[in-house]
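To be precise, the following lines are data17.pdb, and they hold PDB, C-alpha atoms.
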MODEL        1
ATOM      1  CA  MET A  22       3.686  -2.605  25.335
ATOM      2  CA  LYS A  23       7.020  -1.082  26.373
ATOM      3  CA  PRO A  24       9.742   0.738  24.432
ATOM      4  CA  GLY A  25      12.140  -1.757  22.905
ATOM      5  CA  GLU A  26       9.530  -4.539  22.763
ATOM      6  CA  ALA A  27       9.692  -6.571  19.553
ATOM      7  CA  LEU A  28       6.666  -6.914  17.262
ATOM      8  CA  GLY A  29       6.322  -9.964  15.051
ATOM      9  CA  PRO A  30       7.849 -11.671  13.222
ATOM     10  CA  TRP A  31       4.937 -12.307  10.856
ATOM     11  CA  VAL A  32       5.906 -14.483   7.912
ATOM     12  CA  VAL A  33       4.595 -15.253   4.438
ATOM     13  CA  GLU A  34       6.422 -18.436   3.459
ATOM     14  CA  SER A  35       5.925 -17.919  -0.268
ATOM     15  CA  VAL A  36       4.355 -14.917  -1.997
ATOM     16  CA  SER A  37       1.844 -16.307  -4.450
ATOM     17  CA  ALA A  38       1.778 -15.342  -8.132
ATOM     18  CA  GLU A  39      -1.826 -16.564  -8.283
ATOM     19  CA  ALA A  40      -2.759 -14.203  -5.446
ATOM     20  CA  MET A  41      -1.334 -11.289  -7.443
ATOM     21  CA  HIS A  42      -4.014 -11.918 -10.090
ATOM     22  CA  VAL A  43      -6.717 -11.803  -7.396
ATOM     23  CA  VAL A  44      -5.296  -8.604  -5.912
ATOM     24  CA  ALA A  45      -4.926  -6.981  -9.351
ATOM     25  CA  ALA A  46      -8.655  -7.499  -9.906
ATOM     26  CA  ILE A  47      -9.565  -6.217  -6.425
ATOM     27  CA  LEU A  48      -7.321  -3.141  -6.716
ATOM     28  CA  ASP A  49      -8.263  -2.571 -10.365
ATOM     29  CA  ASP A  50      -4.541  -2.436 -11.116
ATOM     30  CA  PRO A  51      -3.792  -3.525 -14.690
ATOM     31  CA  ASN A  52       0.005  -3.216 -14.429
ATOM     32  CA  PRO A  53       1.260  -6.364 -16.221
ATOM     33  CA  ILE A  54       4.401  -6.668 -14.066
ATOM     34  CA  HIS A  55       2.086  -8.162 -11.407
ATOM     35  CA  LEU A  56       0.570 -10.678 -13.791
ATOM     36  CA  ASP A  57       3.080 -11.746 -16.393
ATOM     37  CA  PRO A  58       6.711 -12.799 -15.872
ATOM     38  CA  GLU A  59       7.448 -11.590 -19.405
ATOM     39  CA  ALA A  60       6.271  -8.088 -18.498
ATOM     40  CA  ALA A  61       8.464  -8.096 -15.402
ATOM     41  CA  ARG A  62      11.394  -9.215 -17.568
ATOM     42  CA  ALA A  63      10.683  -6.525 -20.172
ATOM     43  CA  ALA A  64      10.651  -3.894 -17.419
ATOM     44  CA  GLY A  65      14.077  -5.062 -16.267
ATOM     45  CA  LEU A  66      12.713  -6.382 -12.982
ATOM     46  CA  GLY A  67      13.809 -10.008 -13.245
ATOM     47  CA  ASP A  68      11.827 -13.030 -14.313
ATOM     48  CA  ARG A  69       9.125 -13.290 -11.654
ATOM     49  CA  PRO A  70       5.898 -11.300 -11.202
ATOM     50  CA  VAL A  71       6.225  -8.323  -8.843
ATOM     51  CA  ASN A  72       3.963  -8.208  -5.788
ATOM     52  CA  GLN A  73       1.681  -5.168  -5.475
ATOM     53  CA  GLY A  74       3.047  -2.424  -3.195
ATOM     54  CA  PRO A  75      -0.143  -2.130  -1.108
ATOM     55  CA  VAL A  76       0.049  -5.868  -0.388
ATOM     56  CA  ASN A  77       3.622  -5.455   0.846
ATOM     57  CA  PHE A  78       2.621  -2.797   3.369
ATOM     58  CA  GLY A  79      -0.532  -4.847   3.987
ATOM     59  CA  TYR A  80       1.734  -7.599   5.373
ATOM     60  CA  VAL A  81       3.091  -5.070   7.877
ATOM     61  CA  LEU A  82      -0.477  -4.137   8.816
ATOM     62  CA  SER A  83      -1.298  -7.839   9.245
ATOM     63  CA  MET A  84       1.664  -8.219  11.594
ATOM     64  CA  LEU A  85       0.281  -5.342  13.675
ATOM     65  CA  THR A  86      -3.405  -6.302  13.663
ATOM     66  CA  GLU A  87      -2.814  -9.992  14.295
ATOM     67  CA  SER A  88      -0.960  -8.992  17.455
ATOM     68  CA  GLY A  89      -4.256  -7.452  18.618
ATOM     69  CA  ALA A  90      -3.323  -3.804  18.054
ATOM     70  CA  THR A  91      -5.568  -1.150  16.537
ATOM     71  CA  VAL A  92      -3.638   0.640  13.817
ATOM     72  CA  ARG A  93      -4.173   4.413  13.608
ATOM     73  CA  GLU A  94      -1.407   5.304  11.191
ATOM     74  CA  LEU A  95       1.131   3.668   8.905
ATOM     75  CA  ASP A  96       3.816   5.771   7.212
ATOM     76  CA  VAL A  97       6.155   3.735   5.021
ATOM     77  CA  ARG A  98       8.617   3.950   2.171
ATOM     78  CA  LEU A  99       8.748   1.168  -0.389
ATOM     79  CA  LEU A 100      12.424   0.422  -0.865
ATOM     80  CA  ALA A 101      12.560  -2.761  -2.943
ATOM     81  CA  ASN A 102      10.302  -5.121  -4.835
ATOM     82  CA  VAL A 103       8.899  -8.403  -3.538
ATOM     83  CA  PHE A 104       8.605 -11.178  -6.111
ATOM     84  CA  ALA A 105       6.502 -14.319  -6.496
ATOM     85  CA  GLY A 106       8.052 -17.116  -4.458
ATOM     86  CA  ASP A 107       9.790 -14.793  -1.996
ATOM     87  CA  ARG A 108       9.623 -15.505   1.726
ATOM     88  CA  VAL A 109       8.926 -12.234   3.523
ATOM     89  CA  ILE A 110       9.094 -11.300   7.178
ATOM     90  CA  ALA A 111       7.214  -8.358   8.711
ATOM     91  CA  ALA A 112       8.398  -7.140  12.086
ATOM     92  CA  GLY A 113       8.730  -4.057  14.232
ATOM     93  CA  ARG A 114       9.746  -2.529  17.517
ATOM     94  CA  VAL A 115       7.953  -0.323  20.038
ATOM     95  CA  GLU A 116       9.708   3.055  20.149
ATOM     96  CA  GLU A 117       7.518   5.230  22.405
ATOM     97  CA  VAL A 118       4.469   4.739  24.590
ATOM     98  CA  ASP A 119       2.407   7.797  25.443
ATOM     99  CA  GLY A 120      -0.737   6.791  27.307
ATOM    100  CA  GLU A 121      -2.785   4.745  24.868
ATOM    101  CA  ARG A 122      -0.687   5.838  21.879
ATOM    102  CA  VAL A 123       2.199   3.635  20.803
ATOM    103  CA  LEU A 124       4.770   4.653  18.184
ATOM    104  CA  CYS A 125       6.519   1.758  16.476
ATOM    105  CA  SER A 126       9.155   1.292  13.826
ATOM    106  CA  VAL A 127       8.107  -1.338  11.273
ATOM    107  CA  TRP A 128       9.650  -3.109   8.322
ATOM    108  CA  LEU A 129       9.256  -5.908   5.793
ATOM    109  CA  ASP A 130      12.301  -7.931   4.771
ATOM    110  CA  VAL A 131      12.717 -10.401   1.938
ATOM    111  CA  ASP A 132      14.366 -13.478   3.422
ATOM    112  CA  GLY A 133      17.900 -13.510   2.034
ATOM    113  CA  GLY A 134      17.251 -10.268   0.174
ATOM    114  CA  ALA A 135      16.591  -6.592   0.602
ATOM    115  CA  ARG A 136      14.452  -4.604   3.020
ATOM    116  CA  ALA A 137      11.279  -3.952   1.027
ATOM    117  CA  ILE A 138       9.388  -1.650   3.411
ATOM    118  CA  GLU A 139      10.476   0.623   6.214
ATOM    119  CA  GLY A 140       8.618   3.180   8.269
ATOM    120  CA  THR A 141       6.567   3.850  11.364
ATOM    121  CA  ALA A 142       3.163   2.937  12.731
ATOM    122  CA  VAL A 143       0.973   4.456  15.410
ATOM    123  CA  LEU A 144      -1.130   2.014  17.415
ATOM    124  CA  GLU A 145      -3.895   2.605  19.920
ATOM    125  CA  LEU A 146      -4.079   0.366  22.947
TER     126      LEU A 146
ATOM    127  CA  MET B  13      -2.636  17.254 -15.044
ATOM    128  CA  ILE B  14      -5.841  16.818 -13.042
ATOM    129  CA  PRO B  15      -5.296  18.352  -9.566
ATOM    130  CA  GLU B  16      -8.780  17.343  -8.382
ATOM    131  CA  LEU B  17      -9.515  13.659  -8.724
ATOM    132  CA  PRO B  18     -13.085  12.543  -9.362
ATOM    133  CA  SER B  19     -15.072  12.168  -6.138
ATOM    134  CA  GLY B  20     -17.071   9.025  -5.579
ATOM    135  CA  THR B  21     -18.122   6.348  -3.148
ATOM    136  CA  TYR B  22     -16.840   2.887  -2.354
ATOM    137  CA  VAL B  23     -18.294  -0.112  -0.569
ATOM    138  CA  LEU B  24     -15.915  -2.909   0.389
ATOM    139  CA  GLY B  25     -18.063  -6.013   0.058
ATOM    140  CA  ALA B  26     -17.652  -8.966   2.412
ATOM    141  CA  GLN B  27     -16.700 -11.374  -0.386
ATOM    142  CA  ARG B  28     -14.107  -8.982  -1.808
ATOM    143  CA  HIS B  29     -12.648  -8.454   1.660
ATOM    144  CA  ALA B  30     -12.482 -12.218   2.247
ATOM    145  CA  ASP B  31     -10.796 -12.726  -1.147
ATOM    146  CA  LEU B  32      -8.249 -10.042  -0.268
ATOM    147  CA  MET B  33      -7.501 -11.659   3.085
ATOM    148  CA  ARG B  34      -6.916 -15.029   1.406
ATOM    149  CA  ALA B  35      -4.674 -13.463  -1.239
ATOM    150  CA  MET B  36      -2.675 -11.683   1.466
ATOM    151  CA  GLN B  37      -2.518 -14.848   3.608
ATOM    152  CA  SER B  38      -3.916 -12.670   6.389
ATOM    153  CA  THR B  39      -6.847 -12.705   8.770
ATOM    154  CA  ALA B  40      -9.368  -9.952   9.390
ATOM    155  CA  PRO B  41      -9.379  -8.124  12.746
ATOM    156  CA  ALA B  42     -11.246 -10.013  15.463
ATOM    157  CA  ASP B  43     -13.683  -7.116  16.041
ATOM    158  CA  GLY B  44     -15.307  -7.628  12.638
ATOM    159  CA  SER B  45     -13.876  -4.477  11.098
ATOM    160  CA  ALA B  46     -12.036  -4.469   7.789
ATOM    161  CA  HIS B  47      -8.307  -5.112   7.612
ATOM    162  CA  PRO B  48      -6.557  -1.709   7.727
ATOM    163  CA  VAL B  49      -5.199  -2.149   4.186
ATOM    164  CA  ALA B  50      -8.822  -1.440   3.221
ATOM    165  CA  GLY B  51      -7.901   2.218   3.717
ATOM    166  CA  TRP B  52      -5.952   2.034   0.448
ATOM    167  CA  LEU B  53      -8.652   0.049  -1.305
ATOM    168  CA  ILE B  54     -11.436   2.443  -0.318
ATOM    169  CA  ALA B  55      -9.321   5.517  -1.131
ATOM    170  CA  PHE B  56      -8.437   4.427  -4.648
ATOM    171  CA  GLY B  57     -11.591   2.423  -5.307
ATOM    172  CA  GLY B  58     -13.800   5.438  -4.655
ATOM    173  CA  CYS B  59     -11.653   7.964  -6.423
ATOM    174  CA  VAL B  60      -9.517   6.836  -9.328
ATOM    175  CA  SER B  61      -8.235   3.513 -10.605
ATOM    176  CA  ILE B  62      -4.515   2.985 -11.075
ATOM    177  CA  GLY B  63      -4.985   2.687 -14.846
ATOM    178  CA  GLU B  64      -7.089   5.872 -15.076
ATOM    179  CA  LEU B  65      -4.607   7.768 -12.944
ATOM    180  CA  PHE B  66      -1.576   7.002 -15.095
ATOM    181  CA  GLU B  67      -3.521   7.629 -18.265
ATOM    182  CA  ALA B  68      -4.584  11.040 -16.903
ATOM    183  CA  VAL B  69      -1.007  12.087 -16.131
ATOM    184  CA  GLY B  70       0.285  10.704 -19.428
ATOM    185  CA  VAL B  71       2.498   7.915 -18.078
ATOM    186  CA  PRO B  72       2.145   4.601 -19.902
ATOM    187  CA  MET B  73       1.970   1.556 -17.619
ATOM    188  CA  GLU B  74       4.918   0.003 -19.502
ATOM    189  CA  ASP B  75       7.156   2.875 -18.333
ATOM    190  CA  GLY B  76       7.011   1.304 -14.878
ATOM    191  CA  PRO B  77       5.308   3.783 -12.505
ATOM    192  CA  MET B  78       5.631   2.535  -8.936
ATOM    193  CA  LEU B  79       4.496   3.310  -5.436
ATOM    194  CA  GLY B  80       7.309   4.972  -3.515
ATOM    195  CA  ALA B  81       5.713   5.828  -0.180
ATOM    196  CA  CYS B  82       2.362   5.731   1.548
ATOM    197  CA  LYS B  83       0.913   7.288   4.656
ATOM    198  CA  LEU B  84      -2.356   5.767   5.762
ATOM    199  CA  GLN B  85      -4.301   7.390   8.601
ATOM    200  CA  LEU B  86      -7.191   5.450  10.082
ATOM    201  CA  HIS B  87      -9.360   7.675  12.239
ATOM    202  CA  ARG B  88     -11.530   4.699  13.201
ATOM    203  CA  PRO B  89     -11.807   1.020  12.264
ATOM    204  CA  LEU B  90     -13.118   0.672   8.704
ATOM    205  CA  GLY B  91     -16.342  -1.146   8.008
ATOM    206  CA  ILE B  92     -17.185  -3.933   5.597
ATOM    207  CA  GLU B  93     -20.332  -3.274   3.497
ATOM    208  CA  THR B  94     -20.123   0.395   4.505
ATOM    209  CA  GLU B  95     -20.386   3.144   1.896
ATOM    210  CA  TYR B  96     -17.610   5.715   2.151
ATOM    211  CA  ALA B  97     -17.487   9.021   0.313
ATOM    212  CA  VAL B  98     -14.079   9.594  -1.232
ATOM    213  CA  SER B  99     -12.404  12.720  -2.566
ATOM    214  CA  GLY B 100      -8.848  13.394  -3.567
ATOM    215  CA  ARG B 101      -6.389  15.559  -5.383
ATOM    216  CA  ILE B 102      -2.959  15.516  -6.907
ATOM    217  CA  GLY B 103      -1.042  17.564  -4.358
ATOM    218  CA  SER B 104       2.066  17.969  -6.459
ATOM    219  CA  ILE B 105       4.255  16.496  -9.157
ATOM    220  CA  GLU B 106       7.898  17.189  -8.457
ATOM    221  CA  GLU B 107      10.436  16.570 -11.231
ATOM    222  CA  LYS B 108      13.732  14.976 -10.224
ATOM    223  CA  THR B 109      16.816  13.375 -11.726
ATOM    224  CA  GLY B 110      18.527  10.392 -10.150
ATOM    225  CA  ARG B 111      21.480   8.183 -11.040
ATOM    226  CA  LYS B 112      19.398   4.998 -11.044
ATOM    227  CA  LEU B 113      16.125   6.205 -12.577
ATOM    228  CA  GLY B 114      17.291   9.144 -14.690
ATOM    229  CA  ARG B 115      14.487  11.716 -15.035
ATOM    230  CA  PHE B 116      11.382  10.974 -13.000
ATOM    231  CA  GLY B 117       8.477  12.689 -11.328
ATOM    232  CA  ILE B 118       7.178  12.164  -7.802
ATOM    233  CA  MET B 119       3.412  12.542  -7.787
ATOM    234  CA  THR B 120       1.783  13.066  -4.394
ATOM    235  CA  LEU B 121      -1.866  12.056  -4.074
ATOM    236  CA  GLU B 122      -4.010  13.091  -1.119
ATOM    237  CA  ILE B 123      -7.240  11.144  -0.684
ATOM    238  CA  SER B 124      -9.831  11.374   2.104
ATOM    239  CA  CYS B 125     -12.546   8.879   3.008
ATOM    240  CA  THR B 126     -15.633   9.935   4.959
ATOM    241  CA  GLU B 127     -18.211   7.850   6.809
ATOM    242  CA  PRO B 128     -21.905   7.991   5.858
ATOM    243  CA  GLY B 129     -22.500  10.383   8.780
ATOM    244  CA  GLY B 130     -19.832  12.759   7.503
ATOM    245  CA  GLU B 131     -17.133  11.856  10.021
ATOM    246  CA  PRO B 132     -13.585  11.425   8.648
ATOM    247  CA  ALA B 133     -12.720   7.729   8.414
ATOM    248  CA  ALA B 134      -9.355   7.506   6.704
ATOM    249  CA  ALA B 135      -6.820   9.474   4.716
ATOM    250  CA  CYS B 136      -4.206   8.242   2.312
ATOM    251  CA  THR B 137      -1.193  10.174   1.061
ATOM    252  CA  ALA B 138       0.653   8.250  -1.629
ATOM    253  CA  GLN B 139       3.844   9.162  -3.447
ATOM    254  CA  ILE B 140       4.104   7.544  -6.851
ATOM    255  CA  ILE B 141       7.287   7.541  -8.908
ATOM    256  CA  LEU B 142       6.701   8.368 -12.575
ATOM    257  CA  PRO B 143       9.655   7.428 -14.804
ATOM    258  CA  ARG B 144      10.208   9.940 -17.608
ATOM    259  CA  LYS B 145      11.296   7.800 -20.535
ATOM    260  CA  GLU B 146      13.078   9.800 -23.227
ATOM    261  CA  SER B 147      11.127   9.799 -26.491
ATOM    262  CA  THR B 148      13.156   8.519 -29.425
TER     263      THR B 148
ENDMDL
END

Taking this structure as input, can you express it in the form of structure tokens?
Amino acid sequence: MKPGEALGPWVVESVSAEAMHVVAAILDDPNPIHLDPEAARAAGLGDRPVNQGPVNFGYVLSMLTESGATVRELDVRLLANVFAGDRVIAAGRVEEVDGERVLCSVWLDVDGGARAIEGTAVLEL
Amino acid sequence: MIPELPSGTYVLGAQRHADLMRAMQSTAPADGSAHPVAGWLIAFGGCVSIGELFEAVGVPMEDGPMLGACKLQLHRPLGIETEYAVSGRIGSIEEKTGRKLGRFGIMTLEISCTEPGGEPAAACTAQIILPRKEST
């Protein structure tokens, strides 16, 4: 890996509302905005279920691990929601290489929408 | 407020990990370790559930608490079917006012996960935004 090298893109063609139910059970997260469009509407978040935040940064981690990297650190801000049916794209860029340690900038964008996640990752080669 | 969160243990089972990978449309690392998002799952699973946490700090789920930031440190690849000891604390709750959210708190959680042999495995620092709805 070299500074400036692109990471990804890693794409989810359509975020699944059904998967949000599975993840809610796994994470023990009862927040209804992930499960019920009515709850999302009542919270003023639109009319589609809202994807869980850890899954959104999980997509970024998938982009990194599926490139063969070992992730040592992820430090991200969650800037916008991802909704059922969204197409999302995780990507990144190598910023610094110091021996076996690689610092990257990473992000997750909603196709045609906002940047949902932004931050940095540290990889080990 | 509960500065110290309950300590506990968590085992990420193979079936649960496989279900998570399917739901995330992702594949597990080729070396057989858990996907790194397991750091979050182990941290919260062994310490406090999302529902318990918001109940403890007096924020109803319908007020819309949300994850604002997360720092996940993985000292080593995480194992499937491995029991981790987990401990955590509420580092701070900072009160703020913003144009979009009005009054809100930023709660910082610091959670550590330790391997069976006592070696540090992972750490998670999460900032959660707590809307402060005005009572009527």

Once you count only C-alpha atoms, what closest atom pair and distance in Å to one decimal does each residue of chain B within 10 Å of chain A have, with rows by chain and rising residue number, as a tab-separated table?
residue	atom	partner	partner_atom	distance
B:Leu24	CA	A:Ile47	CA	9.9
B:Arg28	CA	A:Ile47	CA	7.0
B:His29	CA	A:Ile47	CA	8.9
B:Asp31	CA	A:Val43	CA	7.5
B:Leu32	CA	A:Val44	CA	6.5
B:Met33	CA	A:Ser83	CA	9.5
B:Arg34	CA	A:Ala40	CA	8.1
B:Ala35	CA	A:Ala40	CA	4.7
B:Met36	CA	A:Val76	CA	6.7
B:Gln37	CA	A:Val33	CA	7.2
B:Ser38	CA	A:Ser83	CA	6.2
B:Thr39	CA	A:Glu87	CA	7.4
B:Ala40	CA	A:Glu87	CA	8.2
B:Pro41	CA	A:Thr86	CA	6.3
B:Ala42	CA	A:Gly89	CA	8.1
B:Asp43	CA	A:Gly89	CA	9.8
B:His47	CA	A:Ser83	CA	7.7
B:Pro48	CA	A:Leu82	CA	6.6
B:Val49	CA	A:Gly79	CA	5.4
B:Ala50	CA	A:Gly79	CA	9.0
B:Trp52	CA	A:Pro75	CA	7.3
B:Leu53	CA	A:Leu48	CA	6.4
B:Ile54	CA	A:Leu48	CA	9.4
B:Phe56	CA	A:Leu48	CA	7.9
B:Gly57	CA	A:Leu48	CA	7.2
B:Val60	CA	A:Asp49	CA	9.5
B:Ser61	CA	A:Asp49	CA	6.1
B:Ile62	CA	A:Asp50	CA	5.4
B:Gly63	CA	A:Pro51	CA	6.3
B:Glu64	CA	A:Asp50	CA	9.5
B:Pro72	CA	A:Asn52	CA	9.8
B:Met73	CA	A:Asn52	CA	6.1
B:Glu74	CA	A:Ala64	CA	7.2
B:Asp75	CA	A:Ala64	CA	7.7
B:Gly76	CA	A:Ala64	CA	6.8
B:Pro77	CA	A:Asn52	CA	9.0
B:Met78	CA	A:Gly74	CA	8.0
B:Leu79	CA	A:Gly74	CA	6.3
B:Gly80	CA	A:Leu99	CA	5.1
B:Ala81	CA	A:Arg98	CA	4.2
B:Cys82	CA	A:Val97	CA	5.5
B:Lys83	CA	A:Asp96	CA	4.2
B:Leu84	CA	A:Leu95	CA	5.1
B:Gln85	CA	A:Glu94	CA	4.4
B:Leu86	CA	A:Arg93	CA	4.8
B:His87	CA	A:Arg93	CA	6.3
B:Arg88	CA	A:Arg93	CA	7.4
B:Pro89	CA	A:Thr91	CA	7.9
B:Ala134	CA	A:Arg93	CA	9.2
B:Ala135	CA	A:Glu94	CA	9.4
B:Cys136	CA	A:Leu95	CA	9.6
B:Thr137	CA	A:Asp96	CA	9.1
B:Ala138	CA	A:Asp96	CA	9.7
B:Gln139	CA	A:Arg98	CA	9.0

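Remark: for Ile92 of chain B, the closest of the candidate residues B:Ser45, B:Gln27, B:Thr21, B:Ser124 is B:Ser45 (distances computed over all atoms listed in the file).
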
* Using only C-alpha atoms, which residue out of A:His55, A:Arg122, A:Arg114, A:Arg62 lies closest to Pro30 of chain A? -> A:Arg114

Please identify all polymer residues lying at most 9 Å from the point (11.6, 1.9, 22.9) (file coordinates), using all atoms listed in the file, and present the result as a CSV table (one decimal) with C-alpha atoms, in the frame of the given file.
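Saved file part_1.csv follows:
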chain,number,residue,atom,x,y,z
A,23,LYS,CA,7.0,-1.1,26.4
A,24,PRO,CA,9.7,0.7,24.4
A,25,GLY,CA,12.1,-1.8,22.9
A,26,GLU,CA,9.5,-4.5,22.8
A,114,ARG,CA,9.7,-2.5,17.5
A,115,VAL,CA,8.0,-0.3,20.0
A,116,GLU,CA,9.7,3.1,20.1
A,117,GLU,CA,7.5,5.2,22.4
A,118,VAL,CA,4.5,4.7,24.6
A,124,LEU,CA,4.8,4.7,18.2
A,125,CYS,CA,6.5,1.8,16.5

* Can you tell me how far atom CA of Gly103 of chain B sits from atom CA of Arg115 of chain B, in Å to one decimal? -> 19.7 Å

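You can rank A:Arg69, A:Ala45, A:Pro58, A:Met22 by their closest distance to Asp119 of chain A using only C-alpha atoms, and at the top of that list sits A:Met22.
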
* Please, what distance in Å, to one decimal, runs between atom CA of Phe104 of chain A and atom CA of Ala46 of chain B? -> 25.8 Å

* **Residues within 7 Å of Ala55 of chain B, only C-alpha atoms, excluding chain neighbours under 4 positions, as an NGL selection string** => :B and (51 or 59 or 98 or 123-125 or 136)

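When atom CA of Leu90 of chain B is paired with atom CA of Ala26 of chain B, their separation reads 12.4 Å.
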
* Among listed residues B:Pro132, B:Gly70, B:Pro143, B:Gly44, nearest Leu113 of chain B (using all atoms listed in the file) -> B:Pro143

* Could you expand the PyMOL selection byres ((chain B and resi 128) around 9) into the explicit residues it covers here, written as a VMD selection string? => chain B and resid 94 to 97 126 to 127 129 to 131

* To do: Identify all residues satisfying the PyMOL selection byres ((chain B and resi 114) around 12) in the given file; provide them as a PyMOL selection string.
  => chain B and resi 107-113+115-117+141-146
